[in-house]
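Trainee: Just so it is clear, I am handing over final-v8.cif, which has mmCIF, C-alpha atoms.
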```cif
data_query
#
loop_
_atom_site.label_atom_id
_atom_site.label_comp_id
_atom_site.auth_asym_id
_atom_site.auth_seq_id
_atom_site.Cartn_x
_atom_site.Cartn_y
_atom_site.Cartn_z
CA MET A 649 11.63 -39.57 21.87
CA LYS A 650 14.93 -37.85 21.28
CA ASP A 651 15.45 -34.31 22.50
CA PRO A 652 13.22 -32.04 20.32
CA ILE A 653 16.11 -29.62 19.81
CA LEU A 654 17.60 -32.29 17.53
CA LEU A 655 14.55 -32.41 15.27
CA ASN A 656 15.19 -31.15 11.77
CA ILE A 657 12.27 -28.75 11.29
CA PRO A 658 12.16 -26.94 7.94
CA THR A 659 11.77 -23.17 8.15
CA GLN A 660 9.63 -23.16 5.02
CA LEU A 661 6.65 -25.20 3.81
CA GLU A 662 4.81 -24.87 0.49
CA THR A 663 1.27 -25.64 -0.61
CA GLU A 664 -0.42 -25.21 -3.97
CA ARG A 665 -0.93 -21.46 -3.45
CA LEU A 666 1.02 -20.60 -0.32
CA MET A 667 4.49 -20.39 1.15
CA LEU A 668 4.77 -20.68 4.92
CA ARG A 669 8.04 -19.60 6.50
CA ALA A 670 9.43 -19.02 9.95
CA PRO A 671 9.64 -15.35 11.02
CA ASN A 672 13.40 -15.28 10.57
CA ARG A 673 13.98 -12.15 8.52
CA THR A 674 14.67 -8.67 9.78
CA GLY A 675 11.81 -6.44 8.71
CA ASP A 676 9.04 -9.04 9.00
CA GLY A 677 7.60 -6.84 11.75
CA SER A 678 6.57 -4.07 9.37
CA ILE A 679 4.75 -6.49 7.04
CA VAL A 680 2.91 -8.24 9.87
CA ASN A 681 2.17 -4.96 11.65
CA GLN A 682 0.51 -3.55 8.53
CA ALA A 683 -1.71 -6.64 8.31
CA ILE A 684 -2.67 -6.23 11.98
CA ARG A 685 -3.58 -2.60 11.28
CA ASP A 686 -5.56 -3.55 8.16
CA SER A 687 -7.45 -6.26 10.07
CA PHE A 688 -7.60 -4.65 13.51
CA ASN A 689 -11.40 -4.50 13.90
CA GLU A 690 -11.82 -8.19 13.06
CA LEU A 691 -8.83 -9.37 15.10
CA LYS A 692 -9.85 -7.30 18.12
CA ALA A 693 -13.06 -9.29 18.50
CA TRP A 694 -11.22 -12.60 18.97
CA LEU A 695 -7.57 -12.12 19.94
CA PRO A 696 -6.20 -10.73 23.21
CA PHE A 697 -3.00 -9.51 21.49
CA ALA A 698 -5.10 -7.25 19.23
CA GLN A 699 -6.73 -5.15 21.92
CA LYS A 700 -4.46 -2.23 21.06
CA LEU A 701 -2.49 -1.53 17.94
CA PRO A 702 1.13 -2.59 18.42
CA SER A 703 3.98 -0.49 17.11
CA VAL A 704 6.12 -1.89 14.30
CA GLU A 705 8.92 -2.31 16.86
CA GLU A 706 6.64 -4.32 19.19
CA THR A 707 5.62 -6.57 16.30
CA GLU A 708 9.27 -7.04 15.27
CA ILE A 709 10.19 -7.99 18.85
CA ASN A 710 7.29 -10.46 18.98
CA LEU A 711 8.41 -12.10 15.73
CA ARG A 712 12.03 -12.34 16.83
CA LYS A 713 10.89 -14.05 20.04
CA ALA A 714 8.76 -16.39 17.91
CA HIS A 715 11.86 -17.25 15.89
CA ILE A 716 13.77 -18.00 19.11
CA ASN A 717 10.91 -20.29 20.20
CA PHE A 718 11.07 -21.98 16.78
CA LEU A 719 14.77 -22.69 17.30
CA LYS A 720 14.12 -23.89 20.88
CA ARG A 721 11.34 -26.16 19.52
CA THR A 722 8.76 -24.74 21.94
CA SER A 723 6.47 -23.46 19.15
CA PHE A 724 6.56 -23.17 15.38
CA ARG A 725 5.06 -19.97 14.01
CA PHE A 726 4.85 -19.59 10.26
CA LEU A 727 4.15 -16.44 8.27
CA ILE A 728 1.89 -17.17 5.33
CA PHE A 729 2.57 -15.62 1.92
CA HIS A 730 0.89 -16.04 -1.45
CA ARG A 731 3.37 -17.92 -3.67
CA GLU A 732 2.74 -15.85 -6.81
CA THR A 733 2.19 -12.33 -5.42
CA ASN A 734 4.22 -12.64 -2.18
CA ASP A 735 1.34 -10.89 -0.35
CA PHE A 736 1.37 -11.53 3.41
CA ILE A 737 -1.80 -13.44 4.27
CA GLY A 738 -1.54 -14.24 7.99
CA THR A 739 0.11 -16.52 10.52
CA ALA A 740 -0.39 -20.10 11.64
CA SER A 741 1.46 -21.82 14.48
CA LEU A 742 2.04 -25.17 16.07
CA GLN A 743 1.99 -24.05 19.71
CA GLY A 744 1.29 -25.29 23.21
CA ILE A 745 3.56 -28.23 22.44
CA ASP A 746 3.77 -31.10 24.91
CA TRP A 747 6.65 -33.30 23.78
CA ASP A 748 5.80 -36.03 26.32
CA ILE A 749 2.57 -36.98 24.51
CA PRO A 750 3.57 -35.53 21.86
CA LYS A 751 0.80 -33.07 20.98
CA CYS A 752 0.22 -29.43 20.05
CA GLU A 753 -2.40 -26.83 19.24
CA ILE A 754 -2.75 -24.89 15.99
CA GLY A 755 -3.41 -21.17 16.25
CA TYR A 756 -4.00 -18.81 13.35
CA TRP A 757 -5.18 -15.40 12.17
CA ILE A 758 -5.66 -13.94 8.71
CA ASN A 759 -5.34 -10.53 7.11
CA THR A 760 -8.99 -9.60 6.56
CA LYS A 761 -8.57 -8.74 2.89
CA PHE A 762 -7.63 -12.39 2.19
CA SER A 763 -10.47 -13.90 4.24
CA GLY A 764 -12.95 -16.15 2.44
CA SER A 765 -10.54 -17.52 -0.19
CA GLY A 766 -9.64 -20.75 1.60
CA TYR A 767 -6.07 -19.65 2.29
CA MET A 768 -6.17 -20.30 6.02
CA THR A 769 -7.81 -23.69 5.54
CA GLU A 770 -5.00 -24.54 3.11
CA ALA A 771 -2.32 -23.37 5.56
CA VAL A 772 -3.85 -25.21 8.54
CA LYS A 773 -4.18 -28.37 6.45
CA ALA A 774 -0.48 -28.15 5.58
CA LEU A 775 0.50 -27.62 9.24
CA THR A 776 -1.74 -30.49 10.34
CA GLU A 777 -0.19 -32.88 7.81
CA PHE A 778 3.29 -31.64 8.69
CA GLY A 779 2.62 -32.10 12.43
CA LEU A 780 1.14 -35.58 12.08
CA ASN A 781 3.41 -36.98 9.36
CA GLN A 782 6.78 -35.33 9.91
CA ILE A 783 6.95 -34.28 13.55
CA ILE A 784 4.78 -37.28 14.45
CA PHE A 785 2.44 -35.53 16.88
CA LYS A 786 -0.16 -37.96 18.24
CA ARG A 787 -2.75 -35.22 18.80
CA ILE A 788 -3.35 -31.79 17.29
CA GLU A 789 -5.97 -29.47 18.77
CA ILE A 790 -7.69 -26.34 17.55
CA ARG A 791 -9.47 -24.27 20.16
CA CYS A 792 -11.67 -21.30 19.42
CA GLU A 793 -14.51 -19.29 20.84
CA SER A 794 -17.85 -20.97 20.11
CA THR A 795 -19.26 -17.86 18.42
CA ASN A 796 -16.26 -17.48 16.08
CA LEU A 797 -17.92 -19.27 13.18
CA LYS A 798 -15.19 -18.44 10.63
CA SER A 799 -12.53 -19.95 12.87
CA ARG A 800 -14.69 -22.99 13.64
CA ALA A 801 -15.23 -23.64 9.93
CA ILE A 802 -11.55 -24.46 9.42
CA PRO A 803 -11.24 -27.55 11.67
CA GLU A 804 -14.71 -28.66 10.57
CA LYS A 805 -13.69 -28.54 6.87
CA LEU A 806 -10.48 -30.42 7.65
CA GLY A 807 -12.18 -33.29 9.48
CA PHE A 808 -11.15 -32.42 13.03
CA GLU A 809 -13.51 -33.89 15.61
CA LEU A 810 -15.41 -31.53 17.90
CA GLU A 811 -14.64 -33.11 21.26
CA GLY A 812 -16.75 -30.68 23.22
CA ILE A 813 -17.61 -27.14 24.12
CA LEU A 814 -16.38 -25.96 27.49
CA ARG A 815 -18.85 -23.48 28.92
CA ASN A 816 -17.59 -20.33 30.66
CA ASP A 817 -14.08 -21.56 29.92
CA ASP A 818 -12.31 -18.34 28.99
CA LEU A 819 -12.58 -14.58 28.91
CA SER A 820 -13.47 -12.72 25.75
CA ALA A 821 -10.54 -11.09 23.97
CA ASP A 822 -11.30 -7.78 25.69
CA GLY A 823 -11.73 -9.48 29.08
CA SER A 824 -15.29 -8.22 29.54
CA ARG A 825 -17.26 -11.49 29.61
CA LEU A 826 -16.99 -15.26 29.89
CA THR A 827 -16.97 -17.29 26.68
CA ASP A 828 -17.38 -20.90 25.64
CA THR A 829 -14.44 -22.70 23.99
CA CYS A 830 -14.79 -25.32 21.25
CA PHE A 831 -12.20 -28.10 21.37
CA TYR A 832 -11.43 -29.80 18.07
CA SER A 833 -8.80 -32.49 17.57
CA VAL A 834 -7.27 -34.89 15.13
CA ILE A 835 -5.19 -37.85 16.31
CA SER A 836 -2.82 -40.28 14.65
#
```
Would you write out, as structure tokens, the structure that this file holds?
Mentor:
Amino acid sequence: MKDPILLNIPTQLETERLMLRAPNRTGDGSIVNQAIRDSFNELKAWLPFAQKLPSVEETEINLRKAHINFLKRTSFRFLIFHRETNDFIGTASLQGIDWDIPKCEIGYWINTKFSGSGYMTEAVKALTEFGLNQIIFKRIEIRCESTNLKSRAIPEKLGFELEGILRNDDLSADGSRLTDTCFYSVIS
């Protein structure tokens, strides 16, 4: 495989209802930060980054670093917006990339007020197809805590195979207990 830095990766993808774009605009931090605040109680249960509310500046810094990683081809984070209303819905990323295989993992979170409408399933489907068909990943994984049924529903709806559940594999988001991790994958 050629050097990944030479890959032509679009900074925007579109689905029927959504527009996914790289976090490459100044001011994205305030939009994403508001969604974190609006969804804090739900995110806190599952995500280590959501154990304390970040400042707008911290979120902006995080997104600028994500954009740098996008350019370096080490991960591809996309901000998800509704195509008609331009409402910010959440984020989805191709991350944990191993170019030698090549493979990656998809990570995601959603603004709670948009949960239950199939938006994240639509976004993850688009990233999966993009990863398999355009980047030509040979394996895409989704990992989530076994008790996170909403997160588990996404790979199950999209036909990912549950390869196994690793017991006592990780710490809970707050670090207080051991958790089991579900490993889903799709291969090409």
Trainee: Of the candidates A:Pro652, A:Ala801, A:Met667, A:Cys752, which one gets nearest to Thr733 of chain A if we count all atoms listed in the file?
Mentor: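 Residue with the minimum atom-to-atom distance to Thr733 of chain A: A:Met667.
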Trainee: Enumerate, as a PyMOL selection string, the protein, DNA and RNA residues whose atoms approach (11.8, -24.0, 9.8) to within 10 Å, taking into account all atoms listed in the file and the coordinate frame of the file.
Mentor: chain A and resi 656-661+668-672+715+718-719+721+724-726
Trainee: So which one's closest to Gly744 of chain A, A:Arg825, A:Lys713, A:Lys650, A:Arg787? Using all atoms listed in the file, please.
Mentor: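 Closest residue, counting all atoms listed in the file: A:Arg787.
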Trainee: Select, from A:Thr707, A:Thr760, A:Thr739, A:Gln699, the residue with the minimum atom-to-atom distance to Asp686 of chain A, counting all atoms listed in the file.
Mentor: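 Once distances to Asp686 of chain A are computed over all atoms listed in the file, the minimum belongs to A:Thr760.
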Trainee: Got a sec to resolve the PyMOL selection byres ((chain A and resi 826-836) around 7) on this structure and send the residues as a list in words?
Mentor: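 After applying the PyMOL selection byres ((chain A and resi 826-836) around 7), what remains is Leu780, Lys786, Arg787, Ile788, Glu789, Ile790, Arg791, Cys792, Glu793, Ser794, Pro803, Phe808, Glu809, Leu810, Glu811, Gly812, Ile813, Leu814, Arg815, Asn816, Asp817, Asp818, Leu819, Ser820 and Arg825 of chain A.
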Trainee: Save segment 720-733 of chain A of the structure in the block above to a file, with all heavy atoms included, as a PDB file, in the first residue's frame.
Mentor:
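Dumped everything to selection-v9.pdb:
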```
ATOM      1  N   LYS A 720      -3.082  13.874   8.930  1.00  0.00           N
ATOM      2  CA  LYS A 720      -1.981  12.915   9.070  1.00  0.00           C
ATOM      3  C   LYS A 720      -2.415  11.497   8.716  1.00  0.00           C
ATOM      4  O   LYS A 720      -1.590  10.589   8.668  1.00  0.00           O
ATOM      5  CB  LYS A 720      -1.435  12.949  10.507  1.00  0.00           C
ATOM      6  CG  LYS A 720      -0.667  14.217  10.819  1.00  0.00           C
ATOM      7  CD  LYS A 720      -0.296  14.392  12.284  1.00  0.00           C
ATOM      8  CE  LYS A 720       0.048  13.180  13.050  1.00  0.00           C
ATOM      9  NZ  LYS A 720       0.398  13.444  14.461  1.00  0.00           N
ATOM     10  N   ARG A 721      -3.722  11.295   8.525  1.00  0.00           N
ATOM     11  CA  ARG A 721      -4.306   9.992   8.190  1.00  0.00           C
ATOM     12  C   ARG A 721      -4.184   8.985   9.329  1.00  0.00           C
ATOM     13  O   ARG A 721      -4.100   7.784   9.102  1.00  0.00           O
ATOM     14  CB  ARG A 721      -3.706   9.418   6.898  1.00  0.00           C
ATOM     15  CG  ARG A 721      -3.739  10.351   5.692  1.00  0.00           C
ATOM     16  CD  ARG A 721      -5.153  10.732   5.350  1.00  0.00           C
ATOM     17  NE  ARG A 721      -5.277  11.387   4.057  1.00  0.00           N
ATOM     18  CZ  ARG A 721      -5.813  12.601   3.909  1.00  0.00           C
ATOM     19  NH1 ARG A 721      -6.241  13.277   4.957  1.00  0.00           N
ATOM     20  NH2 ARG A 721      -5.938  13.125   2.707  1.00  0.00           N
ATOM     21  N   THR A 722      -4.178   9.480  10.580  1.00  0.00           N
ATOM     22  CA  THR A 722      -4.139   8.571  11.731  1.00  0.00           C
ATOM     23  C   THR A 722      -5.532   8.289  12.277  1.00  0.00           C
ATOM     24  O   THR A 722      -5.730   7.305  12.977  1.00  0.00           O
ATOM     25  CB  THR A 722      -3.238   9.114  12.851  1.00  0.00           C
ATOM     26  OG1 THR A 722      -3.704  10.406  13.247  1.00  0.00           O
ATOM     27  CG2 THR A 722      -1.791   9.201  12.382  1.00  0.00           C
ATOM     28  N   SER A 723      -6.506   9.152  11.999  1.00  0.00           N
ATOM     29  CA  SER A 723      -7.916   8.914  12.315  1.00  0.00           C
ATOM     30  C   SER A 723      -8.738   9.896  11.504  1.00  0.00           C
ATOM     31  O   SER A 723      -8.237  10.940  11.077  1.00  0.00           O
ATOM     32  CB  SER A 723      -8.206   9.062  13.811  1.00  0.00           C
ATOM     33  OG  SER A 723      -8.056  10.395  14.218  1.00  0.00           O
ATOM     34  N   PHE A 724     -10.004   9.535  11.304  1.00  0.00           N
ATOM     35  CA  PHE A 724     -10.892  10.373  10.507  1.00  0.00           C
ATOM     36  C   PHE A 724     -12.175  10.630  11.297  1.00  0.00           C
ATOM     37  O   PHE A 724     -13.094   9.824  11.273  1.00  0.00           O
ATOM     38  CB  PHE A 724     -11.225   9.706   9.166  1.00  0.00           C
ATOM     39  CG  PHE A 724     -10.011   9.364   8.347  1.00  0.00           C
ATOM     40  CD1 PHE A 724      -9.575   8.057   8.251  1.00  0.00           C
ATOM     41  CD2 PHE A 724      -9.303  10.354   7.694  1.00  0.00           C
ATOM     42  CE1 PHE A 724      -8.451   7.726   7.496  1.00  0.00           C
ATOM     43  CE2 PHE A 724      -8.173  10.042   6.938  1.00  0.00           C
ATOM     44  CZ  PHE A 724      -7.753   8.724   6.843  1.00  0.00           C
ATOM     45  N   ARG A 725     -12.198  11.745  12.012  1.00  0.00           N
ATOM     46  CA  ARG A 725     -13.405  12.116  12.761  1.00  0.00           C
ATOM     47  C   ARG A 725     -14.283  12.977  11.867  1.00  0.00           C
ATOM     48  O   ARG A 725     -13.799  13.860  11.176  1.00  0.00           O
ATOM     49  CB  ARG A 725     -13.065  12.881  14.036  1.00  0.00           C
ATOM     50  CG  ARG A 725     -14.322  13.129  14.890  1.00  0.00           C
ATOM     51  CD  ARG A 725     -14.058  13.929  16.136  1.00  0.00           C
ATOM     52  NE  ARG A 725     -12.965  13.397  16.911  1.00  0.00           N
ATOM     53  CZ  ARG A 725     -12.468  13.994  17.997  1.00  0.00           C
ATOM     54  NH1 ARG A 725     -12.966  15.144  18.421  1.00  0.00           N
ATOM     55  NH2 ARG A 725     -11.464  13.452  18.657  1.00  0.00           N
ATOM     56  N   PHE A 726     -15.573  12.672  11.912  1.00  0.00           N
ATOM     57  CA  PHE A 726     -16.552  13.448  11.179  1.00  0.00           C
ATOM     58  C   PHE A 726     -17.600  13.989  12.140  1.00  0.00           C
ATOM     59  O   PHE A 726     -18.073  13.260  13.018  1.00  0.00           O
ATOM     60  CB  PHE A 726     -17.247  12.592  10.114  1.00  0.00           C
ATOM     61  CG  PHE A 726     -16.371  12.234   8.943  1.00  0.00           C
ATOM     62  CD1 PHE A 726     -15.618  11.071   8.962  1.00  0.00           C
ATOM     63  CD2 PHE A 726     -16.312  13.064   7.831  1.00  0.00           C
ATOM     64  CE1 PHE A 726     -14.816  10.732   7.883  1.00  0.00           C
ATOM     65  CE2 PHE A 726     -15.501  12.737   6.751  1.00  0.00           C
ATOM     66  CZ  PHE A 726     -14.751  11.577   6.771  1.00  0.00           C
ATOM     67  N   LEU A 727     -17.950  15.254  11.965  1.00  0.00           N
ATOM     68  CA  LEU A 727     -19.073  15.852  12.671  1.00  0.00           C
ATOM     69  C   LEU A 727     -20.311  15.589  11.821  1.00  0.00           C
ATOM     70  O   LEU A 727     -20.266  15.723  10.592  1.00  0.00           O
ATOM     71  CB  LEU A 727     -18.866  17.354  12.858  1.00  0.00           C
ATOM     72  CG  LEU A 727     -17.562  17.782  13.539  1.00  0.00           C
ATOM     73  CD1 LEU A 727     -17.523  19.297  13.692  1.00  0.00           C
ATOM     74  CD2 LEU A 727     -17.398  17.105  14.885  1.00  0.00           C
ATOM     75  N   ILE A 728     -21.393  15.235  12.476  1.00  0.00           N
ATOM     76  CA  ILE A 728     -22.611  14.843  11.767  1.00  0.00           C
ATOM     77  C   ILE A 728     -23.650  15.953  11.905  1.00  0.00           C
ATOM     78  O   ILE A 728     -23.983  16.364  13.024  1.00  0.00           O
ATOM     79  CB  ILE A 728     -23.171  13.526  12.350  1.00  0.00           C
ATOM     80  CG1 ILE A 728     -22.106  12.428  12.329  1.00  0.00           C
ATOM     81  CG2 ILE A 728     -24.431  13.100  11.592  1.00  0.00           C
ATOM     82  CD1 ILE A 728     -22.447  11.233  13.197  1.00  0.00           C
ATOM     83  N   PHE A 729     -24.150  16.414  10.764  1.00  0.00           N
ATOM     84  CA  PHE A 729     -25.174  17.457  10.736  1.00  0.00           C
ATOM     85  C   PHE A 729     -26.384  16.977   9.934  1.00  0.00           C
ATOM     86  O   PHE A 729     -26.226  16.223   8.966  1.00  0.00           O
ATOM     87  CB  PHE A 729     -24.628  18.732  10.068  1.00  0.00           C
ATOM     88  CG  PHE A 729     -23.526  19.387  10.833  1.00  0.00           C
ATOM     89  CD1 PHE A 729     -22.201  19.036  10.605  1.00  0.00           C
ATOM     90  CD2 PHE A 729     -23.792  20.347  11.793  1.00  0.00           C
ATOM     91  CE1 PHE A 729     -21.167  19.638  11.302  1.00  0.00           C
ATOM     92  CE2 PHE A 729     -22.763  20.955  12.498  1.00  0.00           C
ATOM     93  CZ  PHE A 729     -21.452  20.598  12.259  1.00  0.00           C
ATOM     94  N   HIS A 730     -27.565  17.442  10.319  1.00  0.00           N
ATOM     95  CA  HIS A 730     -28.757  17.173   9.532  1.00  0.00           C
ATOM     96  C   HIS A 730     -28.679  18.019   8.265  1.00  0.00           C
ATOM     97  O   HIS A 730     -28.412  19.219   8.334  1.00  0.00           O
ATOM     98  CB  HIS A 730     -30.019  17.516  10.338  1.00  0.00           C
ATOM     99  CG  HIS A 730     -31.260  16.959   9.723  1.00  0.00           C
ATOM    100  ND1 HIS A 730     -31.885  17.572   8.667  1.00  0.00           N
ATOM    101  CD2 HIS A 730     -31.964  15.841  10.001  1.00  0.00           C
ATOM    102  CE1 HIS A 730     -32.946  16.861   8.325  1.00  0.00           C
ATOM    103  NE2 HIS A 730     -33.008  15.797   9.120  1.00  0.00           N
ATOM    104  N   ARG A 731     -28.911  17.423   7.104  1.00  0.00           N
ATOM    105  CA  ARG A 731     -28.748  18.140   5.834  1.00  0.00           C
ATOM    106  C   ARG A 731     -29.720  19.301   5.673  1.00  0.00           C
ATOM    107  O   ARG A 731     -29.366  20.328   5.105  1.00  0.00           O
ATOM    108  CB  ARG A 731     -28.895  17.178   4.657  1.00  0.00           C
ATOM    109  CG  ARG A 731     -27.647  16.351   4.435  1.00  0.00           C
ATOM    110  CD  ARG A 731     -27.780  15.370   3.319  1.00  0.00           C
ATOM    111  NE  ARG A 731     -28.085  16.028   2.051  1.00  0.00           N
ATOM    112  CZ  ARG A 731     -28.209  15.401   0.897  1.00  0.00           C
ATOM    113  NH1 ARG A 731     -28.059  14.097   0.851  1.00  0.00           N
ATOM    114  NH2 ARG A 731     -28.483  16.051  -0.200  1.00  0.00           N
ATOM    115  N   GLU A 732     -30.944  19.146   6.158  1.00  0.00           N
ATOM    116  CA  GLU A 732     -31.947  20.196   5.953  1.00  0.00           C
ATOM    117  C   GLU A 732     -31.886  21.288   7.011  1.00  0.00           C
ATOM    118  O   GLU A 732     -32.003  22.466   6.698  1.00  0.00           O
ATOM    119  CB  GLU A 732     -33.348  19.585   5.897  1.00  0.00           C
ATOM    120  CG  GLU A 732     -33.578  18.756   4.652  1.00  0.00           C
ATOM    121  CD  GLU A 732     -34.970  18.173   4.595  1.00  0.00           C
ATOM    122  OE1 GLU A 732     -35.831  18.557   5.411  1.00  0.00           O
ATOM    123  OE2 GLU A 732     -35.198  17.318   3.711  1.00  0.00           O
ATOM    124  N   THR A 733     -31.709  20.890   8.286  1.00  0.00           N
ATOM    125  CA  THR A 733     -31.770  21.873   9.377  1.00  0.00           C
ATOM    126  C   THR A 733     -30.395  22.368   9.805  1.00  0.00           C
ATOM    127  O   THR A 733     -30.294  23.361  10.516  1.00  0.00           O
ATOM    128  CB  THR A 733     -32.456  21.261  10.605  1.00  0.00           C
ATOM    129  OG1 THR A 733     -31.650  20.172  11.095  1.00  0.00           O
ATOM    130  CG2 THR A 733     -33.856  20.769  10.269  1.00  0.00           C
TER     131      THR A 733
END
```
